[in-house]
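K.L.:
Just one file: input15.txt, with compact mmCIF, C-alpha atoms and all ligand atoms.
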# COMPACT_ATOMS: atom_id res chain seq x y z
CA MET A 1 71.51 115.89 50.40
CA ILE A 2 73.86 116.04 53.40
CA LEU A 3 76.08 119.05 54.04
CA SER A 4 79.28 118.15 55.92
CA ILE A 5 81.86 120.28 57.72
CA GLU A 6 85.50 119.52 58.64
CA SER A 7 87.65 121.75 60.88
CA SER A 8 89.62 119.34 63.11
CA CYS A 9 93.04 120.82 62.33
CA ASP A 10 94.25 123.24 59.65
CA ASP A 11 91.84 122.59 56.77
CA SER A 12 88.44 124.31 56.56
CA SER A 13 86.22 122.24 54.31
CA ILE A 14 82.55 121.81 53.38
CA ALA A 15 80.96 119.19 51.12
CA ILE A 16 77.51 118.26 49.84
CA THR A 17 76.78 114.56 49.26
CA GLN A 18 73.71 113.14 47.54
CA ILE A 19 71.89 110.68 49.77
CA GLN A 20 70.53 108.21 47.18
CA THR A 21 73.67 107.84 45.07
CA SER A 22 76.49 108.76 47.55
CA LYS A 23 77.70 111.17 44.87
CA LEU A 24 79.88 114.07 45.94
CA LEU A 25 78.10 117.11 44.48
CA PHE A 26 80.10 119.96 46.00
CA HIS A 27 83.44 120.09 47.77
CA ALA A 28 85.57 123.08 48.74
CA LYS A 29 88.52 123.44 51.05
CA ILE A 30 90.69 126.31 52.28
CA SER A 31 94.02 125.07 53.62
CA GLN A 32 96.00 127.06 56.18
CA GLU A 33 99.32 125.35 55.46
CA SER A 34 101.09 128.47 54.18
CA THR A 35 100.27 130.36 57.41
CA HIS A 36 101.44 127.58 59.73
CA SER A 37 104.53 126.84 57.63
CA ALA A 38 106.37 129.79 59.18
CA TYR A 39 106.00 128.14 62.63
CA GLY A 40 106.97 124.61 61.52
CA GLY A 41 103.63 123.23 62.77
CA VAL A 42 99.98 124.11 63.41
CA VAL A 43 99.35 126.95 65.92
CA PRO A 44 95.88 126.12 67.35
CA GLU A 45 94.84 129.71 68.16
CA ILE A 46 95.70 130.91 64.64
CA ALA A 47 93.99 127.85 63.13
CA SER A 48 90.80 128.59 65.06
CA ARG A 49 90.69 132.22 63.93
CA LEU A 50 91.28 131.23 60.31
CA HIS A 51 88.44 128.68 60.44
CA ALA A 52 86.15 131.44 61.71
CA GLN A 53 86.94 133.37 58.51
CA ALA A 54 87.13 130.50 56.03
CA LEU A 55 84.09 128.40 56.97
CA PRO A 56 81.50 131.16 56.30
CA GLN A 57 83.22 131.90 52.96
CA ILE A 58 82.94 128.26 51.90
CA LEU A 59 79.38 128.00 53.23
CA SER A 60 78.29 130.90 51.05
CA LYS A 61 79.80 129.10 48.02
CA ALA A 62 77.89 125.94 48.99
CA LYS A 63 74.68 128.00 49.25
CA ALA A 64 75.28 129.54 45.84
CA PHE A 65 75.83 126.04 44.44
CA LEU A 66 72.38 125.09 45.77
CA GLY A 67 70.79 128.10 44.09
CA GLY A 68 70.72 130.15 47.28
CA ASP A 69 68.47 127.73 49.15
CA PHE A 70 69.39 125.15 51.79
CA GLY A 71 65.89 123.63 51.59
CA CYS A 72 67.12 120.43 49.89
CA LEU A 73 69.42 119.52 52.82
CA LYS A 74 68.25 116.58 54.90
CA ALA A 75 71.05 116.54 57.53
CA ILE A 76 74.28 118.23 58.66
CA GLY A 77 77.39 116.10 59.28
CA VAL A 78 80.29 117.48 61.27
CA THR A 79 83.65 116.31 62.62
CA THR A 80 83.45 116.41 66.42
CA GLN A 81 86.54 114.36 67.40
CA PRO A 82 89.49 113.81 67.64
CA GLY A 83 91.35 117.03 66.84
CA LEU A 84 92.13 120.46 68.19
CA ASN A 85 89.29 121.45 70.50
CA ILE A 86 89.26 125.12 69.54
CA THR A 87 89.14 124.34 65.82
CA LEU A 88 86.57 121.53 66.12
CA ILE A 89 84.27 123.99 67.93
CA GLU A 90 84.29 126.35 64.91
CA GLY A 91 82.82 123.64 62.66
CA LEU A 92 80.50 122.30 65.35
CA MET A 93 78.96 125.71 66.06
CA MET A 94 78.28 126.24 62.36
CA ALA A 95 76.76 122.75 62.14
CA LYS A 96 74.53 123.36 65.17
CA ALA A 97 73.36 126.72 63.79
CA LEU A 98 72.45 125.11 60.44
CA SER A 99 70.76 122.12 62.04
CA PHE A 100 68.77 124.35 64.38
CA SER A 101 67.70 126.94 61.83
CA LEU A 102 66.85 124.43 59.08
CA ASN A 103 65.27 122.00 61.57
CA ILE A 104 67.20 119.02 60.21
CA PRO A 105 69.20 116.36 62.13
CA LEU A 106 72.82 116.68 63.15
CA ILE A 107 75.31 113.83 62.59
CA SER A 108 78.50 113.60 64.64
CA VAL A 109 81.47 112.12 62.75
CA ASN A 110 84.72 110.78 64.20
CA HIS A 111 87.56 112.14 62.07
CA LEU A 112 89.49 108.83 62.02
CA LYS A 113 86.40 106.99 60.77
CA GLY A 114 86.00 109.81 58.26
CA HIS A 115 89.44 108.97 56.84
CA ILE A 116 88.30 105.34 56.39
CA PHE A 117 85.28 106.58 54.43
CA SER A 118 87.59 108.53 52.09
CA LEU A 119 87.82 105.14 50.32
CA PHE A 120 84.11 105.24 49.47
CA ILE A 121 83.58 108.83 48.31
CA ASN A 122 81.33 108.76 45.22
CA GLN A 123 80.65 105.05 45.82
CA LYS A 124 77.32 103.69 46.97
CA LYS A 125 78.83 100.46 48.30
CA THR A 126 81.33 100.08 51.11
CA CYS A 127 83.58 97.09 51.69
CA PHE A 128 83.71 95.57 55.18
CA PRO A 129 85.33 93.82 57.01
CA LEU A 130 88.40 95.89 56.38
CA SER A 131 91.79 96.16 58.09
CA VAL A 132 93.15 99.68 58.12
CA LEU A 133 96.53 101.37 58.44
CA LEU A 134 95.71 104.98 59.40
CA VAL A 135 98.64 107.36 59.09
CA SER A 136 98.04 111.05 59.74
CA GLY A 137 99.59 113.98 61.59
CA GLY A 138 98.05 112.89 64.88
CA HIS A 139 97.74 109.09 64.59
CA THR A 140 99.43 105.89 63.50
CA LEU A 141 96.95 103.07 63.99
CA ILE A 142 95.96 99.63 62.82
CA ILE A 143 92.16 99.48 62.97
CA GLU A 144 89.93 96.47 62.41
CA ALA A 145 86.65 97.63 60.92
CA LYS A 146 84.15 94.77 61.14
CA SER A 147 81.42 97.02 59.74
CA ALA A 148 80.81 100.72 59.19
CA SER A 149 79.97 101.13 62.87
CA LYS A 150 81.97 98.39 64.66
CA MET A 151 85.64 99.25 64.72
CA SER A 152 88.48 98.48 67.11
CA ILE A 153 92.05 99.75 67.41
CA VAL A 154 94.61 96.92 67.47
CA ALA A 155 97.88 98.89 67.39
CA SER A 156 98.96 102.48 67.94
CA SER A 157 102.05 104.64 68.34
CA MET A 158 103.78 104.91 71.69
CA ASP A 159 104.99 108.43 70.91
CA ASP A 160 105.03 110.52 67.71
CA SER A 161 102.86 109.65 64.73
CA PHE A 162 104.20 108.73 61.28
CA GLY A 163 103.12 112.04 59.68
CA GLU A 164 104.32 114.06 62.66
CA SER A 165 107.80 112.52 62.36
CA PHE A 166 107.98 113.78 58.73
CA ASP A 167 106.92 117.24 59.98
CA LYS A 168 109.60 117.23 62.69
CA VAL A 169 112.39 116.06 60.36
CA ALA A 170 111.36 118.77 57.88
CA LYS A 171 111.51 121.32 60.70
CA MET A 172 115.05 120.18 61.65
CA LEU A 173 116.08 120.77 58.04
CA SER A 174 114.18 124.13 57.90
CA LEU A 175 111.99 122.89 55.06
CA GLY A 176 108.58 124.20 56.22
CA TYR A 177 105.22 122.54 57.02
CA PRO A 178 103.71 120.06 56.29
CA GLY A 179 106.88 118.01 56.09
CA GLY A 180 105.45 114.86 54.49
CA PRO A 181 105.22 115.95 50.84
CA ILE A 182 108.53 117.90 51.07
CA ILE A 183 110.50 114.99 52.54
CA GLU A 184 108.93 112.62 50.01
CA LYS A 185 110.03 114.88 47.14
CA TYR A 186 113.63 115.00 48.40
CA ALA A 187 113.63 111.22 48.88
CA GLN A 188 112.40 110.80 45.28
CA LYS A 189 115.17 113.12 44.13
CA TYR A 190 117.75 111.02 45.94
CA ALA A 191 116.42 107.83 44.30
CA SER A 192 116.62 109.37 40.82
CA ASP A 193 119.96 111.18 41.30
CA TYR A 194 121.73 108.25 42.99
CA PRO A 195 119.91 105.11 41.76
CA ASN A 196 122.75 102.81 42.83
CA THR A 197 123.63 104.36 46.19
CA PRO A 198 121.77 103.04 49.24
CA ALA A 199 120.05 105.70 51.36
CA MET A 200 121.53 106.80 54.71
CA VAL A 201 121.02 104.02 57.27
CA PHE A 202 119.03 104.65 60.47
CA PRO A 203 118.18 102.09 63.16
CA LEU A 204 114.82 100.40 62.68
CA PRO A 205 112.42 101.30 65.55
CA LEU A 206 111.30 98.51 67.96
CA LYS A 207 113.33 95.96 66.05
CA HIS A 208 113.04 93.24 68.71
CA PHE A 209 109.60 94.19 70.06
CA PRO A 210 107.48 91.02 69.80
CA TYR A 211 104.06 92.74 69.65
CA LEU A 212 102.40 95.17 67.30
CA GLY A 213 103.28 98.79 68.02
CA PHE A 214 104.77 101.92 66.51
CA SER A 215 107.40 104.37 67.70
CA PHE A 216 108.97 107.23 65.75
CA SER A 217 110.68 109.37 68.39
CA GLY A 218 113.90 107.27 68.39
CA LEU A 219 114.14 107.55 64.62
CA LYS A 220 113.53 111.31 64.83
CA ASN A 221 116.36 111.56 67.35
CA ALA A 222 118.69 109.49 65.14
CA VAL A 223 118.03 111.93 62.29
CA ARG A 224 118.77 114.86 64.62
CA LEU A 225 122.08 113.27 65.66
CA ALA A 226 123.05 112.57 62.04
CA ILE A 227 122.50 116.25 61.17
CA LEU A 228 124.54 117.34 64.24
CA LYS A 229 127.36 114.97 63.37
CA ALA A 230 127.51 116.26 59.80
CA GLN A 231 127.64 119.84 61.13
CA GLU A 232 130.50 118.90 63.50
CA ASN A 233 132.34 117.44 60.49
CA ARG A 234 131.84 120.81 58.73
CA GLU A 235 129.59 119.27 56.09
CA ASN A 236 127.14 121.74 54.51
CA THR A 237 123.77 120.47 55.82
CA THR A 238 121.74 122.94 53.72
CA THR A 239 122.60 121.52 50.30
CA GLU A 240 119.95 119.67 48.27
CA ALA A 241 122.22 116.62 48.16
CA PHE A 242 122.51 116.42 51.97
CA ILE A 243 118.78 117.03 52.54
CA ALA A 244 117.93 114.39 49.92
CA LYS A 245 120.29 111.85 51.52
CA ILE A 246 118.74 112.33 54.99
CA SER A 247 115.17 112.40 53.63
CA ALA A 248 115.62 109.15 51.68
CA GLY A 249 117.11 107.31 54.67
CA PHE A 250 114.47 108.59 57.09
CA GLN A 251 111.52 107.82 54.77
CA GLN A 252 112.84 104.34 54.03
CA THR A 253 113.26 103.48 57.72
CA ALA A 254 109.90 104.98 58.77
CA CYS A 255 108.11 103.03 56.01
CA GLU A 256 110.04 99.84 56.81
CA HIS A 257 108.83 100.13 60.42
CA LEU A 258 105.20 100.38 59.23
CA LYS A 259 105.74 97.51 56.81
CA LYS A 260 107.23 95.20 59.49
CA ASN A 261 104.18 95.82 61.70
CA ILE A 262 101.71 95.18 58.89
CA GLN A 263 103.57 92.01 57.98
CA LYS A 264 103.33 90.83 61.60
CA TYR A 265 99.63 91.75 61.70
CA LEU A 266 98.77 89.94 58.45
CA GLN A 267 100.73 86.86 59.57
CA ASN A 268 98.98 86.85 62.99
CA LYS A 269 95.62 86.91 61.22
CA ILE A 270 96.62 83.92 59.09
CA ASP A 271 97.77 82.08 62.22
CA GLN A 272 94.37 82.84 63.79
CA GLN A 273 92.68 81.39 60.67
CA GLU A 274 91.19 84.78 59.85
CA PRO A 275 93.21 85.88 56.80
CA VAL A 276 92.71 89.53 55.84
CA LYS A 277 91.05 89.93 52.43
CA ASN A 278 90.87 93.72 52.30
CA PHE A 279 93.57 96.02 53.64
CA CYS A 280 93.68 99.79 53.24
CA ILE A 281 95.92 102.76 53.98
CA VAL A 282 94.17 106.04 54.80
CA GLY A 283 95.03 109.43 56.36
CA GLY A 284 97.06 112.39 55.14
CA ALA A 285 100.33 110.43 55.01
CA SER A 286 98.74 107.67 52.90
CA ALA A 287 99.50 109.99 49.97
CA ASN A 288 103.14 108.87 50.27
CA LEU A 289 103.85 106.92 47.09
CA TYR A 290 106.86 105.06 48.49
CA LEU A 291 104.69 103.82 51.39
CA ARG A 292 101.92 102.77 48.98
CA GLU A 293 104.46 100.84 46.88
CA GLN A 294 105.91 99.05 49.91
CA ILE A 295 102.53 98.04 51.39
CA SER A 296 101.21 97.09 47.97
CA GLY A 297 104.06 94.58 47.53
CA LEU A 298 103.42 93.21 51.01
CA CYS A 299 99.67 92.81 50.44
CA ALA A 300 100.33 91.02 47.15
CA SER A 301 102.52 88.50 48.97
CA PHE A 302 99.65 87.86 51.44
CA ASP A 303 97.09 87.59 48.65
CA CYS A 304 95.24 90.54 50.13
CA HIS A 305 93.53 93.35 48.22
CA LEU A 306 94.90 96.86 48.93
CA LEU A 307 92.57 99.86 48.85
CA VAL A 308 93.75 103.47 48.87
CA ALA A 309 91.85 106.74 48.44
CA PRO A 310 92.42 109.09 45.49
CA LEU A 311 95.32 111.42 46.40
CA GLU A 312 93.01 114.48 46.61
CA PHE A 313 91.03 112.84 49.45
CA CYS A 314 93.96 111.61 51.59
CA SER A 315 94.44 114.85 53.51
CA ASP A 316 91.66 116.28 55.68
CA ASN A 317 88.48 117.08 53.75
CA ALA A 318 84.72 117.32 54.25
CA ALA A 319 83.91 114.87 51.43
CA MET A 320 85.03 111.93 53.61
CA ILE A 321 83.06 113.36 56.55
CA GLY A 322 79.97 113.54 54.33
CA ARG A 323 80.42 109.93 53.19
CA ALA A 324 80.78 108.77 56.81
CA ALA A 325 77.75 110.86 57.83
CA LEU A 326 75.71 109.22 55.07
CA GLU A 327 76.25 105.82 56.67
CA LYS A 328 74.95 107.16 59.99
CA TYR A 329 72.04 108.87 58.22
CA HIS A 330 70.86 105.50 56.88
CA GLN A 331 71.04 104.12 60.45
CA ASN A 332 69.08 107.11 61.86
CA ASP A 333 72.08 107.69 64.10
CA PHE A 334 71.62 111.37 64.92
CA ALA A 335 73.18 113.54 67.62
CA ASP A 336 71.42 115.73 70.17
CA ILE A 337 72.07 119.35 69.25
CA PHE A 338 72.07 120.49 72.89
CA SER A 339 74.46 117.93 74.36
CA LEU A 340 76.82 117.27 71.42
CA GLN A 341 80.34 118.47 72.23
CA ALA A 342 83.73 118.55 70.54
CA SER A 343 86.38 116.26 72.00
CA PRO A 344 90.16 116.35 71.42
CA ARG A 345 90.28 112.53 71.73
CA SER A 346 88.03 109.79 70.40
CA THR A 347 85.35 109.10 73.01
CA GLU A 348 85.16 105.59 74.48
CA ASP A 349 82.05 104.57 72.57
CA GLU A 350 83.71 105.13 69.17
CA PHE A 351 86.02 102.10 69.12
CA LEU A 352 85.37 98.66 70.64
CA CYS A 353 87.98 97.32 73.05
O1 LIG B 401 95.17 113.45 57.82
P1 LIG B 401 95.93 114.73 57.75
O2 LIG B 401 95.67 115.64 56.57
O3 LIG B 401 95.70 115.58 59.05
C1 LIG B 401 95.55 114.95 60.29
O4 LIG B 401 94.44 114.42 60.55
O5 LIG B 401 96.56 114.93 61.03
O6 LIG B 401 97.47 114.35 57.81
C2 LIG B 401 98.46 115.34 57.79
C3 LIG B 401 99.81 114.67 57.98
C4 LIG B 401 100.95 115.66 58.17
O7 LIG B 401 101.75 115.23 59.24
C5 LIG B 401 101.70 115.54 56.85
O8 LIG B 401 103.09 115.83 56.93
C6 LIG B 401 101.47 114.10 56.48
O9 LIG B 401 100.13 113.85 56.84
N1 LIG B 401 101.67 113.85 55.05
C7 LIG B 401 102.61 113.03 54.55
C8 LIG B 401 102.53 113.12 53.15
N2 LIG B 401 101.52 114.00 52.83
C9 LIG B 401 101.00 114.43 54.02
N3 LIG B 401 103.51 112.25 55.18
C10 LIG B 401 104.35 111.53 54.40
N4 LIG B 401 104.35 111.58 53.04
C11 LIG B 401 103.46 112.36 52.37
N5 LIG B 401 103.45 112.41 51.05
ZN ZN B 402 93.15 113.72 59.30
If you took the structure in this file and wrote it as C-alpha cells, what would it be?
P.N.:
Amino acid sequence: MILSIESSCDDSSIAITQIQTSKLLFHAKISQESTHSAYGGVVPEIASRLHAQALPQILSKAKAFLGGDFGCLKAIGVTTQPGLNITLIEGLMMAKALSFSLNIPLISVNHLKGHIFSLFINQKKTCFPLSVLLVSGGHTLIIEAKSASKMSIVASSMDDSFGESFDKVAKMLSLGYPGGPIIEKYAQKYASDYPNTPAMVFPLPLKHFPYLGFSFSGLKNAVRLAILKAQENRENTTTEAFIAKISAGFQQTACEHLKKNIQKYLQNKIDQQEPVKNFCIVGGASANLYLREQISGLCASFDCHLLVAPLEFCSDNAAMIGRAALEKYHQNDFADIFSLQASPRSTEDEFLC
C-alpha cells in the first residue's frame, strides 16, 4: 500500500491506495474553506497552521484504519509542487518523517499531474495519450500528456486563472470563498428562473487573438464595472436576482472563452493530422456542470471522447496524489529524502518544452 499526503493549498488530505489493484482503501480530507471564507481567499499563514493541526489528526485515523500498524506501507507519496510553499512543507515534513522512520521510499508528486490522475482513481488502467484542460484556483492550462511521465504544457493563462476569476467575482458580490460553486449555483438559478432571458453580456476575452491562450482579468474587470454601473443607477446589487444575472453572464463568458480555445486546439490537431481521441477536464473548477456540458458538446462534434473525474475528486485530495504516486512506484521513480524540497512552481523537469 502507498500512503499519500496533499497540503498544497487549503485542503489537508491523506489517502491509502492498494498497489496491486489501484484501489482507494482510505481517504480523508479536512477542508479549511470556512476559515478562509471570511477573507475572500486563502491566507497562506493560516492555511499552514491549520495543516499542522489537521494532518496529524487524519494520519491517526489512517493508522487506526490499518489496525494501528504502518508495517504494510511500501511507500509515501506527497505533493511537493506547485502550491503555497509554507503549506506544501507541512505535508512534505510529515512524508519525510514517515519515510525515514518506516524506512520506505518517498515519492514526489506534482499537484497538476495529480489532478490528471484523479481520472484513474480506483482504476488499474490509465489512458494515454490524453489532452487535458486543467482548471483550478491557480492554473488554466492545456496539457498534452503523451504518457504518464511525458507531459507538456501547450497553453496557459496570461493573468488570472479560471477558478480564481470565479473567486474574485464572488468576492466583489460578497458571496464568500470558494466562489466557483456559489457562482455556479446563482447561474443555475438564473437559468431556471428566467429560461427565456439571455444572461448579461460581457466581452469575450482575447476574441481576435490568433493563438491559444487564456485571460480572465479583462472579464473580471468588466464584471466589476457592471456592478459599479448598476450601483450608480441606484439598482440594488445585493438582491438574488441581480447576483444571479451577473453570475450567469460571467460564467457563460468564462466558459465560452475556454470552449473557443479548446475548439481551436482540437482543430489545430486535426490540421496537423493528429486528431485528439481522448480529451479530459480536471482540477477543482472541472466540477462546474455548465462547463462540462459545453465541452462535452464540443468533444462530440470532434468525435473525441471526454473524460471527467467523479465530482468528489475534482477538488484537491490525496486520492489523486496516491494514484499518481502509484505510477511512479511502478517505475521505481523515488525521491531522495535529504534533497527533496517543496517548490511553489512546477520545476523545469516536470513538463517537456
Ligand atoms: O483544484 P482546486 O481544488 O485547488 C487548486 O489547486 O487551486 O481548485 C479550486 C478552485 C477554486 O478557485 C474554486 O472556486 C474553483 O476551483 N471551483 C469552481 C467550481 N468548484 C470549484 N469553479 C467554477 N465552478 C465550480 N463549480
Ligand atoms: Zn488543485
K.L.:
What does the distance between CA of Leu266 in chain A and atom O9 of ligand LIG 401 (chain B) come to in Å, to one decimal place?
P.N.:
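For CA of Leu266 in chain A relative to atom O9 of ligand LIG 401 (chain B), the distance reads 24.0 Å.
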K.L.:
Give me, as JSON, numbers by chain, the set of residues whose atoms come within 8 Å of any atom of ligand LIG 401 (chain B), counting only C-alpha atoms and all ligand atoms.
P.N.:
{"A": [8, 9, 10, 11, 83, 111, 112, 115, 135, 136, 137, 138, 139, 161, 162, 163, 164, 165, 166, 167, 177, 178, 179, 180, 181, 182, 183, 184, 283, 284, 285, 286, 287, 288, 289, 291, 314, 315, 316, 317]}
K.L.:
Which is closer to Glu327 in chain A than all the others in A:Gly297, A:Gly218, A:Pro195, A:Gly114, using only C-alpha atoms?
P.N.:
A:Gly114
K.L.:
Would you mind reading off the distance between CA of Lys29 in chain A and CA of Ala15 in chain A, one decimal, in Å?
P.N.:
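The value is 8.7 Å.
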K.L.:
What's the 10 Å shell around Thr347 in chain A, counting only C-alpha atoms, without same-chain residues fewer than 6 positions away, as a CSV table (one decimal) with C-alpha atoms, in the coordinates of the input?
P.N.:
chain,number,residue,atom,x,y,z
A,81,GLN,CA,86.5,114.4,67.4
A,82,PRO,CA,89.5,113.8,67.6
A,110,ASN,CA,84.7,110.8,64.2
K.L.:
Name all residues at most 9 Å from Ile116 in chain A (count all atoms listed in the file; drop same-chain ones fewer than 2 positions away) and give them as a PyMOL selection string.
P.N.:
chain A and resi 111-114+118-120+132+134+280-283+309+320+324
K.L.:
Using only C-alpha atoms, find the one residue out of A:Arg49, A:Lys125, A:Lys146, A:Lys61 that sits nearest to Leu352 in chain A.
P.N.:
A:Lys146
K.L.:
From the list A:Ile321, A:Ala155, A:Ile19, A:Cys304, which residue is nearest ligand ZN 402 (chain B) when using all atoms listed in the file?
P.N.:
A:Ile321
K.L.:
Give me the residues near range 84-100 of chain A as a list in words, where near means some atom within 7 Å (using only C-alpha atoms) and where sequence neighbours in that chain fewer than 4 positions away do not count.
P.N.:
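Once the nearby chain positions are removed, what remains is Ile5, Glu6, Ser7, Ser8, Cys9, Pro44, Ala47, Ser48, His51, Ala52, Ile76, Val78, Thr79, Thr80, Ile104, Pro105, Leu106, Ile337, Ala342, Ser343 and Pro344 of chain A.
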K.L.:
Smallest atom-to-atom distance to ligand ZN 402 (chain B): which of A:Gln294, A:Gln341, A:Ile270, A:Ala318, using all atoms listed in the file?
P.N.:
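Nearest candidate to ligand ZN 402 (chain B) out of A:Gln294, A:Gln341, A:Ile270, A:Ala318: A:Ala318.
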K.L.:
Counting all atoms listed in the file, which of A:Val308, A:Lys277, A:Phe313, A:Phe338 gets nearest to ligand ZN 402 (chain B)?
P.N.:
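Ranking A:Val308, A:Lys277, A:Phe313, A:Phe338 by distance to ligand ZN 402 (chain B), first place goes to A:Phe313.
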K.L.:
CA of Gly213 in chain A to CA of Val154 in chain A: how many Å, to one decimal?
P.N.:
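It comes out at 8.9 Å.
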K.L.:
Please tell me which residues are no farther than 12 Å from (113.0, 96.7, 63.2) in the file, counting all atoms listed in the file, and write them as an mmCIF file with C-alpha atoms, in the frame of the given file.
P.N.:
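Once written, out22.cif looks like this:
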data_model
loop_
_atom_site.group_PDB
_atom_site.id
_atom_site.type_symbol
_atom_site.label_atom_id
_atom_site.label_comp_id
_atom_site.auth_asym_id
_atom_site.auth_seq_id
_atom_site.Cartn_x
_atom_site.Cartn_y
_atom_site.Cartn_z
ATOM 1 C CA PHE A 202 119.030 104.650 60.470
ATOM 2 C CA PRO A 203 118.180 102.090 63.160
ATOM 3 C CA LEU A 204 114.820 100.400 62.680
ATOM 4 C CA PRO A 205 112.420 101.300 65.550
ATOM 5 C CA LEU A 206 111.300 98.510 67.960
ATOM 6 C CA LYS A 207 113.330 95.960 66.050
ATOM 7 C CA HIS A 208 113.040 93.240 68.710
ATOM 8 C CA PHE A 209 109.600 94.190 70.060
ATOM 9 C CA PRO A 210 107.480 91.020 69.800
ATOM 10 C CA TYR A 211 104.060 92.740 69.650
ATOM 11 C CA LEU A 212 102.400 95.170 67.300
ATOM 12 C CA GLY A 213 103.280 98.790 68.020
ATOM 13 C CA PHE A 214 104.770 101.920 66.510
ATOM 14 C CA SER A 215 107.400 104.370 67.700
ATOM 15 C CA PHE A 216 108.970 107.230 65.750
ATOM 16 C CA GLY A 218 113.900 107.270 68.390
ATOM 17 C CA LEU A 219 114.140 107.550 64.620
ATOM 18 C CA GLN A 252 112.840 104.340 54.030
ATOM 19 C CA THR A 253 113.260 103.480 57.720
ATOM 20 C CA ALA A 254 109.900 104.980 58.770
ATOM 21 C CA CYS A 255 108.110 103.030 56.010
ATOM 22 C CA GLU A 256 110.040 99.840 56.810
ATOM 23 C CA HIS A 257 108.830 100.130 60.420
ATOM 24 C CA LEU A 258 105.200 100.380 59.230
ATOM 25 C CA LYS A 259 105.740 97.510 56.810
ATOM 26 C CA LYS A 260 107.230 95.200 59.490
ATOM 27 C CA ASN A 261 104.180 95.820 61.700
ATOM 28 C CA GLN A 263 103.570 92.010 57.980
ATOM 29 C CA LYS A 264 103.330 90.830 61.600
#
K.L.:
Restricting the calculation to only C-alpha atoms: of A:Ala148, A:Leu175, A:Ile262, A:Leu3, which residue gets closest to Glu350 in chain A?
P.N.:
A:Ala148
